[in-house]
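The data block below is final_30.txt; it holds compact mmCIF, C-alpha atoms and all ligand atoms.
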```
# COMPACT_ATOMS: atom_id res chain seq x y z
CA MET A 1 -148.55 -62.15 48.38
CA ASP A 2 -151.45 -64.02 46.79
CA ILE A 3 -150.89 -65.80 43.53
CA PRO A 4 -154.02 -66.02 41.38
CA PRO A 5 -155.44 -69.56 41.28
CA LEU A 6 -154.55 -71.71 38.32
CA ASN A 7 -157.93 -71.74 36.60
CA GLU A 8 -158.18 -67.96 36.55
CA HIS A 9 -155.74 -68.08 33.67
CA ARG A 10 -157.27 -70.95 31.83
CA SER A 11 -159.44 -70.72 28.83
CA ALA A 12 -160.50 -73.10 26.12
CA ARG A 13 -159.81 -70.40 23.56
CA ALA A 14 -156.34 -68.97 23.38
CA ASP A 15 -157.60 -65.55 22.23
CA THR A 16 -159.78 -65.13 25.30
CA ALA A 17 -156.97 -66.16 27.60
CA ARG A 18 -154.56 -63.77 25.94
CA ALA A 19 -156.85 -60.82 26.56
CA SER A 20 -157.68 -61.58 30.19
CA ALA A 21 -154.78 -62.10 32.59
CA ARG A 22 -153.04 -59.20 34.38
CA TRP A 23 -150.10 -59.70 36.69
CA SER A 24 -148.46 -57.37 39.18
CA VAL A 25 -144.70 -57.47 39.81
CA GLU A 26 -145.41 -58.75 43.33
CA GLN A 27 -147.52 -61.61 42.03
CA VAL A 28 -144.79 -62.67 39.62
CA GLU A 29 -142.20 -62.35 42.40
CA ALA A 30 -144.37 -64.69 44.46
CA LEU A 31 -144.27 -67.20 41.62
CA PHE A 32 -140.46 -66.93 41.48
CA ALA A 33 -140.33 -67.55 45.22
CA LEU A 34 -142.27 -70.82 45.08
CA PRO A 35 -140.36 -74.02 45.84
CA PHE A 36 -138.81 -75.09 42.52
CA SER A 37 -140.93 -78.24 42.14
CA ASP A 38 -144.14 -76.39 42.97
CA LEU A 39 -143.34 -73.72 40.37
CA LEU A 40 -142.53 -76.29 37.70
CA HIS A 41 -145.56 -78.38 38.52
CA ARG A 42 -147.80 -75.39 38.12
CA ALA A 43 -146.11 -74.20 34.92
CA HIS A 44 -146.23 -77.66 33.40
CA GLY A 45 -149.93 -77.92 34.23
CA VAL A 46 -150.62 -74.63 32.43
CA HIS A 47 -148.51 -75.83 29.51
CA ARG A 48 -150.49 -79.08 29.16
CA GLU A 49 -153.73 -77.16 29.42
CA HIS A 50 -152.88 -75.09 26.35
CA PHE A 51 -150.46 -77.10 24.25
CA GLU A 52 -149.47 -80.58 23.22
CA PRO A 53 -146.62 -80.87 25.77
CA ASN A 54 -144.06 -82.66 23.59
CA ALA A 55 -144.26 -80.45 20.51
CA VAL A 56 -141.68 -77.70 20.05
CA GLN A 57 -141.81 -75.04 17.36
CA LEU A 58 -138.64 -74.48 15.32
CA SER A 59 -137.62 -71.02 14.10
CA THR A 60 -134.48 -70.39 12.09
CA LEU A 61 -132.77 -67.01 12.28
CA LEU A 62 -130.81 -65.21 9.61
CA SER A 63 -129.01 -61.91 10.00
CA VAL A 64 -129.88 -60.17 6.72
CA LYS A 65 -127.87 -57.06 7.64
CA THR A 66 -125.07 -57.41 10.12
CA GLY A 67 -123.15 -55.03 12.39
CA GLY A 68 -122.52 -51.31 12.22
CA CYS A 69 -125.63 -50.49 14.25
CA PRO A 70 -125.82 -46.92 15.65
CA GLU A 71 -127.60 -48.00 18.86
CA ASP A 72 -125.85 -48.65 22.17
CA CYS A 73 -127.56 -51.81 23.52
CA GLY A 74 -125.00 -52.96 26.09
CA TYR A 75 -125.39 -56.67 25.29
CA CYS A 76 -125.12 -56.44 21.53
CA PRO A 77 -122.11 -57.46 19.44
CA GLN A 78 -123.54 -55.58 16.43
CA ALA A 79 -123.38 -52.07 17.90
CA ALA A 80 -120.82 -50.07 15.90
CA ARG A 81 -119.45 -48.40 19.02
CA TYR A 82 -118.26 -51.65 20.63
CA HIS A 83 -115.24 -53.43 19.24
CA THR A 84 -116.24 -57.03 18.71
CA ASP A 85 -115.24 -59.66 16.14
CA VAL A 86 -118.47 -59.20 14.17
CA ALA A 87 -117.79 -58.25 10.55
CA ASP A 88 -120.21 -55.71 9.06
CA GLU A 89 -122.27 -56.93 6.14
CA ASP A 90 -124.70 -55.02 3.90
CA LEU A 91 -128.24 -56.14 3.30
CA LEU A 92 -128.09 -59.63 1.78
CA ALA A 93 -129.27 -60.37 -1.75
CA LEU A 94 -132.79 -61.76 -2.10
CA GLU A 95 -131.47 -65.02 -3.60
CA THR A 96 -129.16 -65.61 -0.62
CA VAL A 97 -132.02 -65.17 1.82
CA VAL A 98 -134.34 -67.45 -0.16
CA ALA A 99 -131.67 -70.16 -0.46
CA THR A 100 -131.05 -70.06 3.31
CA ALA A 101 -134.78 -70.18 4.04
CA ARG A 102 -135.20 -73.16 1.72
CA LEU A 103 -132.48 -75.01 3.60
CA ALA A 104 -134.08 -74.12 6.95
CA LYS A 105 -137.36 -75.58 5.71
CA GLU A 106 -135.64 -78.75 4.50
CA ASN A 107 -134.13 -79.10 7.97
CA GLY A 108 -137.58 -78.89 9.56
CA ALA A 109 -138.01 -75.25 10.56
CA THR A 110 -141.52 -73.84 10.20
CA ARG A 111 -140.64 -70.20 10.77
CA PHE A 112 -137.88 -68.05 9.32
CA CYS A 113 -136.84 -64.89 11.10
CA MET A 114 -134.86 -62.16 9.38
CA GLY A 115 -132.90 -59.80 11.61
CA ALA A 116 -131.24 -56.52 10.73
CA ALA A 117 -128.82 -54.41 12.77
CA TRP A 118 -130.64 -51.13 12.28
CA ARG A 119 -132.12 -48.53 14.59
CA GLY A 120 -135.00 -48.93 12.16
CA PRO A 121 -135.39 -49.57 8.43
CA LYS A 122 -135.05 -46.80 5.81
CA PRO A 123 -137.78 -46.84 3.14
CA ARG A 124 -135.49 -48.31 0.47
CA ASP A 125 -134.30 -51.07 2.82
CA LEU A 126 -137.82 -51.87 3.93
CA GLU A 127 -138.84 -52.36 0.31
CA ARG A 128 -136.09 -54.96 -0.08
CA VAL A 129 -136.97 -56.73 3.18
CA ALA A 130 -140.62 -56.79 2.07
CA GLN A 131 -139.53 -58.65 -1.06
CA MET A 132 -137.65 -61.14 1.13
CA VAL A 133 -140.73 -61.67 3.29
CA THR A 134 -142.92 -62.37 0.26
CA ALA A 135 -140.37 -64.79 -1.21
CA VAL A 136 -139.82 -66.66 2.07
CA ARG A 137 -143.52 -67.00 2.64
CA ALA A 138 -143.95 -68.38 -0.87
CA LEU A 139 -141.77 -71.30 0.27
CA GLY A 140 -144.47 -72.20 2.80
CA LEU A 141 -142.66 -70.86 5.85
CA GLU A 142 -144.05 -68.54 8.50
CA THR A 143 -142.22 -65.25 8.36
CA CYS A 144 -140.79 -63.11 11.13
CA ALA A 145 -138.67 -59.97 10.96
CA THR A 146 -136.77 -57.96 13.53
CA LEU A 147 -135.64 -54.69 12.04
CA GLY A 148 -135.75 -52.27 14.96
CA LEU A 149 -138.11 -49.34 15.45
CA LEU A 150 -140.89 -48.93 12.88
CA LYS A 151 -142.35 -45.62 11.71
CA GLU A 152 -146.01 -45.06 10.80
CA GLY A 153 -146.98 -47.12 7.76
CA GLN A 154 -143.98 -49.46 7.86
CA ALA A 155 -145.79 -52.24 9.71
CA GLU A 156 -148.61 -52.08 7.16
CA GLN A 157 -146.06 -52.43 4.38
CA LEU A 158 -144.64 -55.56 6.03
CA LYS A 159 -148.13 -56.93 6.59
CA SER A 160 -148.95 -56.49 2.91
CA ALA A 161 -145.77 -58.34 2.02
CA GLY A 162 -146.98 -61.32 4.08
CA LEU A 163 -145.21 -60.88 7.41
CA ASP A 164 -146.66 -63.15 10.10
CA TYR A 165 -144.63 -62.01 13.14
CA TYR A 166 -142.56 -58.99 14.11
CA ASN A 167 -139.95 -59.45 16.84
CA HIS A 168 -139.23 -56.44 18.99
CA ASN A 169 -138.19 -57.02 22.59
CA ILE A 170 -138.74 -54.79 25.59
CA ASP A 171 -135.50 -56.43 26.77
CA THR A 172 -135.70 -55.67 30.49
CA ALA A 173 -137.83 -53.97 33.12
CA PRO A 174 -138.02 -50.15 33.12
CA GLU A 175 -135.91 -49.71 36.29
CA PHE A 176 -132.96 -51.56 34.72
CA TYR A 177 -133.42 -50.47 31.12
CA GLY A 178 -131.60 -47.12 31.30
CA GLY A 179 -128.37 -48.81 32.41
CA ILE A 180 -128.39 -51.06 29.33
CA ILE A 181 -129.62 -48.85 26.48
CA THR A 182 -129.72 -45.09 26.17
CA THR A 183 -130.34 -44.50 22.46
CA ARG A 184 -133.96 -45.67 22.49
CA THR A 185 -136.49 -45.63 25.28
CA GLN A 186 -138.80 -48.39 26.29
CA GLN A 187 -141.65 -46.15 25.17
CA ASP A 188 -140.12 -46.07 21.65
CA ARG A 189 -140.28 -49.85 21.71
CA LEU A 190 -143.87 -49.91 22.97
CA ASP A 191 -144.83 -47.48 20.19
CA THR A 192 -143.38 -49.86 17.61
CA LEU A 193 -145.18 -52.80 19.21
CA GLY A 194 -148.44 -50.82 18.99
CA ARG A 195 -147.88 -50.21 15.27
CA VAL A 196 -147.19 -53.90 14.71
CA ARG A 197 -150.33 -54.88 16.58
CA ARG A 198 -152.52 -52.35 14.75
CA ALA A 199 -151.22 -53.58 11.39
CA GLY A 200 -152.49 -57.06 12.27
CA ILE A 201 -149.04 -58.66 12.56
CA ARG A 202 -148.48 -61.12 15.40
CA VAL A 203 -146.23 -59.81 18.14
CA CYS A 204 -143.04 -61.58 19.20
CA CYS A 205 -141.75 -59.76 22.26
CA GLY A 206 -139.58 -60.86 25.14
CA GLY A 207 -136.36 -59.95 26.85
CA ILE A 208 -132.90 -60.86 28.04
CA ILE A 209 -131.93 -62.09 31.48
CA GLY A 210 -128.49 -62.70 32.93
CA MET A 211 -127.51 -59.05 32.50
CA GLY A 212 -126.83 -58.61 36.23
CA GLU A 213 -130.44 -57.75 37.05
CA SER A 214 -132.18 -58.75 40.27
CA ARG A 215 -134.94 -61.34 40.57
CA ARG A 216 -137.36 -58.47 41.08
CA THR A 217 -136.28 -57.05 37.71
CA ARG A 218 -136.87 -60.42 36.07
CA ALA A 219 -140.30 -60.55 37.70
CA ALA A 220 -141.01 -57.00 36.50
CA LEU A 221 -140.02 -57.95 32.94
CA ILE A 222 -142.41 -60.92 32.97
CA ALA A 223 -145.19 -58.85 34.58
CA GLN A 224 -144.77 -56.17 31.94
CA LEU A 225 -144.90 -58.68 29.08
CA ALA A 226 -147.91 -60.42 30.61
CA SER A 227 -149.70 -57.10 31.02
CA LEU A 228 -149.38 -56.04 27.39
CA ASP A 229 -152.90 -56.00 26.07
CA PRO A 230 -153.10 -58.58 24.64
CA TYR A 231 -149.91 -60.31 25.69
CA PRO A 232 -147.56 -61.33 22.84
CA GLU A 233 -148.23 -64.42 20.75
CA SER A 234 -144.56 -65.29 21.03
CA VAL A 235 -142.25 -64.59 23.98
CA PRO A 236 -138.52 -65.11 23.50
CA ILE A 237 -136.57 -65.43 26.75
CA ASN A 238 -132.90 -64.86 25.98
CA ASN A 239 -130.04 -65.69 28.30
CA LEU A 240 -127.33 -63.09 27.73
CA VAL A 241 -124.71 -64.38 25.31
CA GLN A 242 -121.60 -62.63 26.53
CA VAL A 243 -119.52 -61.25 23.70
CA ALA A 244 -116.03 -59.81 24.21
CA GLY A 245 -116.01 -56.09 23.50
CA THR A 246 -119.57 -55.42 24.70
CA PRO A 247 -120.10 -53.61 28.00
CA LEU A 248 -121.91 -56.62 29.50
CA HIS A 249 -119.05 -59.00 28.82
CA GLY A 250 -117.86 -60.33 32.19
CA THR A 251 -121.27 -60.08 33.90
CA PRO A 252 -121.59 -62.84 36.53
CA GLU A 253 -123.41 -65.81 34.98
CA LEU A 254 -127.06 -66.31 35.90
CA ASP A 255 -127.82 -69.47 37.88
CA PRO A 256 -129.35 -71.81 35.24
CA LEU A 257 -132.18 -72.74 37.63
CA GLU A 258 -133.14 -69.06 37.72
CA PHE A 259 -133.42 -69.19 33.93
CA VAL A 260 -135.75 -72.18 34.26
CA ARG A 261 -137.81 -70.29 36.84
CA THR A 262 -138.15 -67.37 34.43
CA ILE A 263 -139.44 -69.68 31.70
CA ALA A 264 -141.94 -71.16 34.16
CA CYS A 265 -143.16 -67.69 35.16
CA ALA A 266 -143.57 -66.73 31.49
CA ARG A 267 -145.61 -69.88 30.88
CA ILE A 268 -147.88 -69.33 33.87
CA THR A 269 -148.51 -65.66 33.18
CA MET A 270 -148.87 -65.99 29.38
CA PRO A 271 -150.51 -69.39 29.13
CA ALA A 272 -151.37 -69.38 25.42
CA ALA A 273 -148.15 -67.75 24.18
CA MET A 274 -145.34 -69.60 22.49
CA VAL A 275 -142.50 -69.29 25.01
CA ARG A 276 -139.17 -69.46 23.22
CA LEU A 277 -136.02 -70.76 24.86
CA SER A 278 -133.92 -68.33 22.84
CA ALA A 279 -130.32 -67.08 22.95
CA GLY A 280 -127.93 -68.87 25.29
CA ARG A 281 -128.95 -72.44 24.51
CA GLN A 282 -125.48 -73.37 23.27
CA GLN A 283 -124.04 -72.54 26.68
CA MET A 284 -126.80 -74.50 28.47
CA SER A 285 -126.62 -78.16 29.46
CA GLU A 286 -129.15 -80.58 28.00
CA ALA A 287 -130.50 -81.13 31.51
CA VAL A 288 -131.28 -77.42 31.91
CA GLN A 289 -132.88 -77.30 28.46
CA ALA A 290 -135.02 -80.33 29.43
CA LEU A 291 -136.15 -78.46 32.55
CA CYS A 292 -137.03 -75.45 30.37
CA PHE A 293 -139.21 -77.63 28.13
CA HIS A 294 -140.86 -79.11 31.22
CA ALA A 295 -141.42 -75.58 32.55
CA GLY A 296 -143.32 -74.65 29.39
CA ALA A 297 -140.83 -73.57 26.73
CA ASN A 298 -142.25 -74.75 23.43
CA SER A 299 -140.16 -72.99 20.82
CA ILE A 300 -136.46 -72.72 20.02
CA PHE A 301 -134.11 -71.15 17.54
CA TYR A 302 -132.98 -73.94 15.28
CA GLY A 303 -129.79 -73.94 13.24
CA GLU A 304 -126.14 -73.44 14.07
CA LYS A 305 -126.25 -69.66 14.27
CA LEU A 306 -128.44 -67.10 15.99
CA LEU A 307 -127.68 -63.72 14.38
CA THR A 308 -123.93 -63.52 14.94
CA THR A 309 -123.31 -66.02 17.75
CA GLY A 310 -123.51 -69.80 17.93
CA ASN A 311 -126.48 -72.06 18.55
CA PRO A 312 -126.58 -75.88 18.79
CA ASP A 313 -126.38 -77.45 15.32
CA VAL A 314 -129.27 -79.31 13.74
CA GLU A 315 -127.85 -82.78 14.42
CA HIS A 316 -127.30 -81.95 18.06
CA ASP A 317 -130.89 -80.74 18.46
CA ARG A 318 -132.27 -83.78 16.64
CA ARG A 319 -130.49 -86.03 19.13
CA LEU A 320 -131.76 -83.93 22.04
CA PHE A 321 -135.34 -84.14 20.75
CA GLU A 322 -134.98 -87.91 20.40
CA LYS A 323 -133.66 -88.25 23.94
CA LEU A 324 -136.51 -86.19 25.35
CA GLY A 325 -139.26 -87.58 23.13
CA LEU A 326 -139.95 -84.15 21.67
CA ARG A 327 -141.18 -83.56 18.15
CA PRO A 328 -141.22 -80.48 15.92
CA MET A 329 -144.49 -78.57 15.98
CA GLU A 330 -146.35 -78.01 12.75
CA ALA A 331 -146.93 -74.47 11.49
CA ASP A 332 -149.96 -72.90 13.19
CA SER A 333 -150.17 -69.61 11.44
CA GLY A 334 -153.81 -69.87 10.37
CA ARG A 335 -152.85 -68.20 7.12
N1 LIG B 1 -131.77 -54.27 15.70
C1 LIG B 1 -133.05 -54.75 15.97
C2 LIG B 1 -133.52 -54.41 17.37
O1 LIG B 1 -132.72 -54.29 18.27
O2 LIG B 1 -134.72 -54.30 17.55
C3 LIG B 1 -133.24 -56.23 15.73
C4 LIG B 1 -132.16 -57.22 16.09
S1 LIG B 1 -131.70 -57.34 17.81
C5 LIG B 1 -130.21 -58.23 17.71
C6 LIG B 1 -132.93 -58.44 18.49
C7 LIG B 1 -132.83 -58.83 19.93
O3 LIG B 1 -131.79 -59.78 20.12
C8 LIG B 1 -132.51 -57.76 20.95
O4 LIG B 1 -133.62 -57.00 21.29
C9 LIG B 1 -132.07 -58.60 22.15
O5 LIG B 1 -133.17 -58.93 22.96
C10 LIG B 1 -131.49 -59.86 21.50
N2 LIG B 1 -130.03 -59.93 21.68
C11 LIG B 1 -129.10 -59.19 21.05
N3 LIG B 1 -127.86 -59.48 21.48
C12 LIG B 1 -128.00 -60.44 22.43
C13 LIG B 1 -127.10 -61.16 23.26
N4 LIG B 1 -125.79 -60.93 23.22
N5 LIG B 1 -127.58 -62.07 24.11
C14 LIG B 1 -128.92 -62.31 24.16
N6 LIG B 1 -129.82 -61.66 23.40
C15 LIG B 1 -129.38 -60.74 22.56
C1 LIG B 2 -134.62 -62.65 20.12
O1 LIG B 2 -135.29 -62.38 21.13
N1 LIG B 2 -133.45 -63.30 20.15
C2 LIG B 2 -132.90 -63.40 18.82
C3 LIG B 2 -134.02 -62.82 17.94
N2 LIG B 2 -134.94 -62.32 18.89
C4 LIG B 2 -133.72 -61.89 16.87
C5 LIG B 2 -131.57 -62.77 18.69
C6 LIG B 2 -130.52 -63.33 19.62
C7 LIG B 2 -129.23 -62.69 19.29
C8 LIG B 2 -128.09 -63.25 20.07
C9 LIG B 2 -126.80 -62.58 19.76
C10 LIG B 2 -126.33 -62.73 18.34
O2 LIG B 2 -126.35 -63.87 17.81
O3 LIG B 2 -125.92 -61.75 17.76
FE1 LIG B 3 -128.58 -52.44 17.11
FE2 LIG B 3 -130.50 -54.21 17.63
FE3 LIG B 3 -127.98 -54.62 18.47
FE4 LIG B 3 -129.42 -52.74 19.63
S1 LIG B 3 -129.86 -54.95 19.63
S2 LIG B 3 -127.29 -52.52 18.93
S3 LIG B 3 -130.62 -51.98 17.89
S4 LIG B 3 -128.68 -54.55 16.38
```
Kindly transcribe the structure held in the file into structure tokens.
Ligand code: SAM
Ligand code: DTB
Ligand code: SF4
Amino acid sequence: MDIPPLNEHRSARADTARASARWSVEQVEALFALPFSDLLHRAHGVHREHFEPNAVQLSTLLSVKTGGCPEDCGYCPQAARYHTDVADEDLLALETVVATARLAKENGATRFCMGAAWRGPKPRDLERVAQMVTAVRALGLETCATLGLLKEGQAEQLKSAGLDYYNHNIDTAPEFYGGIITTRTQQDRLDTLGRVRRAGIRVCCGGIIGMGESRRTRAALIAQLASLDPYPESVPINNLVQVAGTPLHGTPELDPLEFVRTIACARITMPAAMVRLSAGRQQMSEAVQALCFHAGANSIFYGEKLLTTGNPDVEHDRRLFEKLGLRPMEADSGR
């Protein structure tokens, strides 16, 4: 299978590049199949072409509404139907969110992402999240929210409140999706992504690997993300965090080098996107994280907690950055 030549995906202007590349599953599979060093060499070249290679963007997450979710995502500790240790919590007060965002900024984060365990927001809840977005943005942070499926008009409301990014993942390739989630289809997700795009909010969309899928499924996930038109500005690649009580607990662990390969494929196929080394970093060695950065990851979740599970603490990440000669990226939002 032919792999498109490197310069076909290059462009001086990120916007042009984001609108141009299209990848088939077979082409991405061919990337996966490259000798490891060849794949990383190519991914690192694409990375250098589009980004300052030692700068990494820092996003801090906060779960603003936790647990009790009616959906059945098989990986998720917040689904009401699975019995996990996650304690349900109502929508946080505005002041709590602002205080946490202020701390995140003091620690060096440039983006603050608010997550809610909903199928989608009710109008009254969305009004409150919109107030959070406006207040967080007033601190000088980029804003991101992940609230589930959006109905007509809701993305516009978030845009008016000052939302920079909306995170909504396609999670996995269509052939594997139905075994992981049954309460929402991939098309539901694509509809929400379309609403986000049309409202002029930047799209953060990625997936989870390590759920027992095949390499072909991982390639199909990357091909699908890369073929969104345009591809997302931000692409989180999550390694499944296994939580006791969820159906996916006990899934055989993914080979870490396969995670690195997936990052490299995301970088090559979505050259101007921010590729985020997302969930699963706490379980990953520093050496594997270093390989991910070399392969083109240029964003991380920063702060000791993801939504409900652990993440390396700030001190730990500062030491890692020092060891690797990495530095935090400045906000790019063009606001
Ligand atoms: N409820 C909203 C939704 O699903 O759209 C927003 C929050 S949800 C927790 C955001 C994303 O986190 C999911 O789409 C999934 O990709 C990721 N995620 C959730 N649980 C995870 C886990 N245990 N390991 C890795 N990623 C996970
Ligand atoms: C994304 O792709 N990963 C983040 C964020 N978007 C919202 C969430 C990871 C959640 C990991 C499990 C937890 O902490 O609950
Ligand atoms: Fe609910 Fe989101 Fe978890 Fe799915 S991933 S169960 S929608 S919180």
Each residue of chain A lying at most 7 Å from ligand LIG 3 (chain B) should get a row with its shortest atom-to-atom pair and the distance in Å to one decimal, counting only C-alpha atoms and all ligand atoms; could you produce that, ordered by chain and increasing number, as a Markdown table?
```
| residue | atom | partner | partner_atom | distance |
| --- | --- | --- | --- | --- |
| A:Gly67 | CA | B:LIG3 | S4 | 6.8 |
| A:Cys69 | CA | B:LIG3 | FE1 | 4.5 |
| A:Pro70 | CA | B:LIG3 | FE1 | 6.3 |
| A:Glu71 | CA | B:LIG3 | S2 | 4.5 |
| A:Asp72 | CA | B:LIG3 | S2 | 5.2 |
| A:Cys73 | CA | B:LIG3 | FE4 | 4.4 |
| A:Cys76 | CA | B:LIG3 | FE3 | 4.6 |
| A:Pro77 | CA | B:LIG3 | FE3 | 6.6 |
| A:Gln78 | CA | B:LIG3 | FE3 | 5.0 |
| A:Ala79 | CA | B:LIG3 | S2 | 4.1 |
| A:Ala116 | CA | B:LIG3 | S4 | 6.5 |
| A:Ala117 | CA | B:LIG3 | S4 | 3.6 |
| A:Trp118 | CA | B:LIG3 | FE1 | 5.4 |
| A:Arg119 | CA | B:LIG3 | S3 | 5.0 |
| A:Gly148 | CA | B:LIG3 | S3 | 5.9 |
```
Selected residue of minimal separation from ligand LIG 1 (chain B) among A:Ala55, A:Ala297, A:Leu306, A:Cys265, counting all atoms listed in the file: A:Leu306
Computed interatomic separation between atom CA of Arg202 of chain A and atom CA of Val98 of chain A (Å):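 Rounded to one decimal, the two atoms are 22.0 Å apart.
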From A:Pro230, A:Pro271, A:Gly115, A:Gly280, residue lying nearest Thr66 of chain A [all atoms listed in the file]: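 The answer is A:Gly115, which sits nearest to Thr66 of chain A.
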Shortest interatomic distance to Gln186 of chain A - which of A:Ile208, A:Ala155, A:Leu291, A:Leu149, counting all atoms listed in the file: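 Smallest separation from Gln186 of chain A among the options: A:Leu149.
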Return as lines of an AutoDock Vina configuration file the centre and edge lengths, in Å with one decimal, of the box along x, y and z that encloses every atom of ligand LIG 1 (chain B) in the file, padded by 5 Å per side.
```
center_x = -130.3
center_y = -58.3
center_z = 19.9
size_x = 18.9
size_y = 18.0
size_z = 18.5
```
Best match for closeness to ligand LIG 1 (chain B) among A:Leu150, A:Ala287, A:Val46, A:Ala161, counting only C-alpha atoms and all ligand atoms: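 When distances to ligand LIG 1 (chain B) are compared using only C-alpha atoms and all ligand atoms, the smallest one comes from A:Leu150.
Distance annotation: of A:Arg198, A:Arg42, A:Arg111, A:Arg81, the residue with the minimal separation from Asp164 of chain A is A:Arg111; atom set is all atoms listed in the file.
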Distance of atom CA of Glu286 of chain A from atom O2 of ligand LIG 2 (chain B), expressed in Å to one decimal place: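 Interatomic distance here is 19.8 Å.
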Close residues to ligand LIG 2 (chain B) using all atoms listed in the file, limit 9 Å, as a ChimeraX atom specification: /A:61-63,66,75-78,86,113-116,145-147,167-169,171,204-208,235-243,276,278-280,301,305-311
